[in-house]
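Participant: Quick one: this structure, given as structure tokens, is what I'll be asking you about.
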Amino acid sequence: MSKVAFVGVGRMGANMARHLQLDCGHDVTAVFDVNKMASAEIASELGAKDCGSLLEVTEAAAIIFTVVTNDDAMRAIFLHVGDNLFSEASGKKIINCATLSPGIHKEVYEAGKEVGAHVLEGAMA
């Protein structure tokens, strides 16, 4: 099965990661969260890497799910100068599951095209 990573492993992201690995057989290889306790707990539970950087997430998986809280958090993980999910992202599939403004989804989609990443809006609302 596919190697999958999650950025944002609060209640929703962690449960999505559990479901994909435990119920669907995907290999959740990496997780990242600004709440390091949350990412450490789910990483330990699933045997995934608790990444210290977004580049580590991108390197660890072919498919990356994001479950973040707001437009600013989305910009931080994708558009921050330096460490971001678009580093080394050519050919990666990124599915953004947060219900955010249409503008940020478009902004991230366009930035993804520039680096050869496949970006999909998968809002949960």
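Ordering of the structure tokens sets the chain letters (A, B, ...), residue numbers begin anew at 1 in every chain, and ligands are numbered from 1 in the order given.
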DSSP on the backbone: which residues in chain A end up as strand (DSSP E)? Give the answer as JSON, numbers by chain.
Facilitator: {"A": [3, 4, 5, 6, 7, 27, 28, 29, 30, 31, 32, 49, 50, 63, 64, 65, 66, 93, 94, 95, 96, 118, 119, 120, 121]}
Participant: Could you find all residues in chain A that DSSP calls helix (DSSP H, G or I) from the backbone, and write them as a ChimeraX atom specification?
Facilitator: /A:11-23,36-46,54-60,71-79,102-115
Participant: Env of Asn96 of chain A: 8 Å cut, atoms = only C-alpha atoms, seq-sep filter 2 positions within chain, self excluded. Answer as a short mmCIF file (atom, residue, chain, number, x, y, z; two decimals) with N, CA, C and O atoms, in the first residue's frame.
Facilitator:
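Resulting contents of around36.cif:
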```
data_model
loop_
_atom_site.label_atom_id
_atom_site.label_comp_id
_atom_site.auth_asym_id
_atom_site.auth_seq_id
_atom_site.Cartn_x
_atom_site.Cartn_y
_atom_site.Cartn_z
N PHE A 65 -1.41 14.08 3.75
CA PHE A 65 -2.68 14.69 4.16
C PHE A 65 -2.36 15.84 5.10
O PHE A 65 -1.53 15.71 5.99
N THR A 66 -3.06 16.97 4.91
CA THR A 66 -2.95 18.07 5.85
C THR A 66 -4.30 18.32 6.50
O THR A 66 -5.33 18.28 5.83
N VAL A 67 -4.27 18.53 7.80
CA VAL A 67 -5.49 18.80 8.57
C VAL A 67 -5.13 19.93 9.54
O VAL A 67 -4.78 19.68 10.68
N ILE A 94 -0.74 15.68 -2.47
CA ILE A 94 -1.05 16.36 -1.22
C ILE A 94 -2.55 16.62 -1.17
O ILE A 94 -3.11 17.22 -2.08
N ALA A 98 -8.58 20.42 5.48
CA ALA A 98 -9.16 21.46 6.32
C ALA A 98 -10.20 22.27 5.55
O ALA A 98 -10.07 22.48 4.35
N VAL A 119 -1.87 18.75 -5.93
CA VAL A 119 -2.56 19.25 -4.75
C VAL A 119 -4.07 19.14 -4.96
O VAL A 119 -4.60 19.56 -5.98
N LEU A 120 -4.75 18.57 -3.97
CA LEU A 120 -6.19 18.36 -4.02
C LEU A 120 -6.84 18.94 -2.78
O LEU A 120 -6.36 18.71 -1.66
N GLU A 121 -7.91 19.68 -2.97
CA GLU A 121 -8.70 20.15 -1.83
C GLU A 121 -9.68 19.04 -1.46
O GLU A 121 -10.47 18.59 -2.29
N GLY A 122 -9.61 18.59 -0.24
CA GLY A 122 -10.50 17.55 0.27
C GLY A 122 -11.17 18.02 1.54
O GLY A 122 -11.12 17.33 2.55
N ALA A 123 -11.78 19.22 1.49
CA ALA A 123 -12.38 19.82 2.68
C ALA A 123 -13.40 18.88 3.30
O ALA A 123 -14.11 18.15 2.61
#
```
Participant: With a distance cut-off of 10 Å and only C-alpha atoms, select the neighbouring residues of Leu55 of chain A, excluding the residue or stretch itself and same-chain residues fewer than 5 positions from it, and output the selection as a count of residues only.
Facilitator: 9
Participant: Excluding Asn15 of chain A and residues on its chain fewer than 4 positions from it, collect all residues at most 12 Å away from it, counting only C-alpha atoms, and give them as a PyMOL selection string.
Facilitator: chain A and resi 6+8-11+19-23+28+38+42+45-46+67
Participant: Write out as number ranges by chain each polymer residue whose atoms come within 7 Å of Ser2 of chain A, counting only C-alpha atoms; drop sequence neighbours fewer than 5 positions from it.
Facilitator: A: 26-27, 62
Participant: Between A:Ser44, A:Ser39, A:Thr29, A:Thr99, which residue has the minimum interatomic distance to Met74 of chain A, considering only C-alpha atoms?
Facilitator: A:Thr99
Participant: Between A:Ile104, A:Val7, A:Ala76, A:Ile64, which one has atoms that come closest to His118 of chain A, using only C-alpha atoms?
Facilitator: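 Nearest candidate to His118 of chain A out of A:Ile104, A:Val7, A:Ala76, A:Ile64: A:Ile64.
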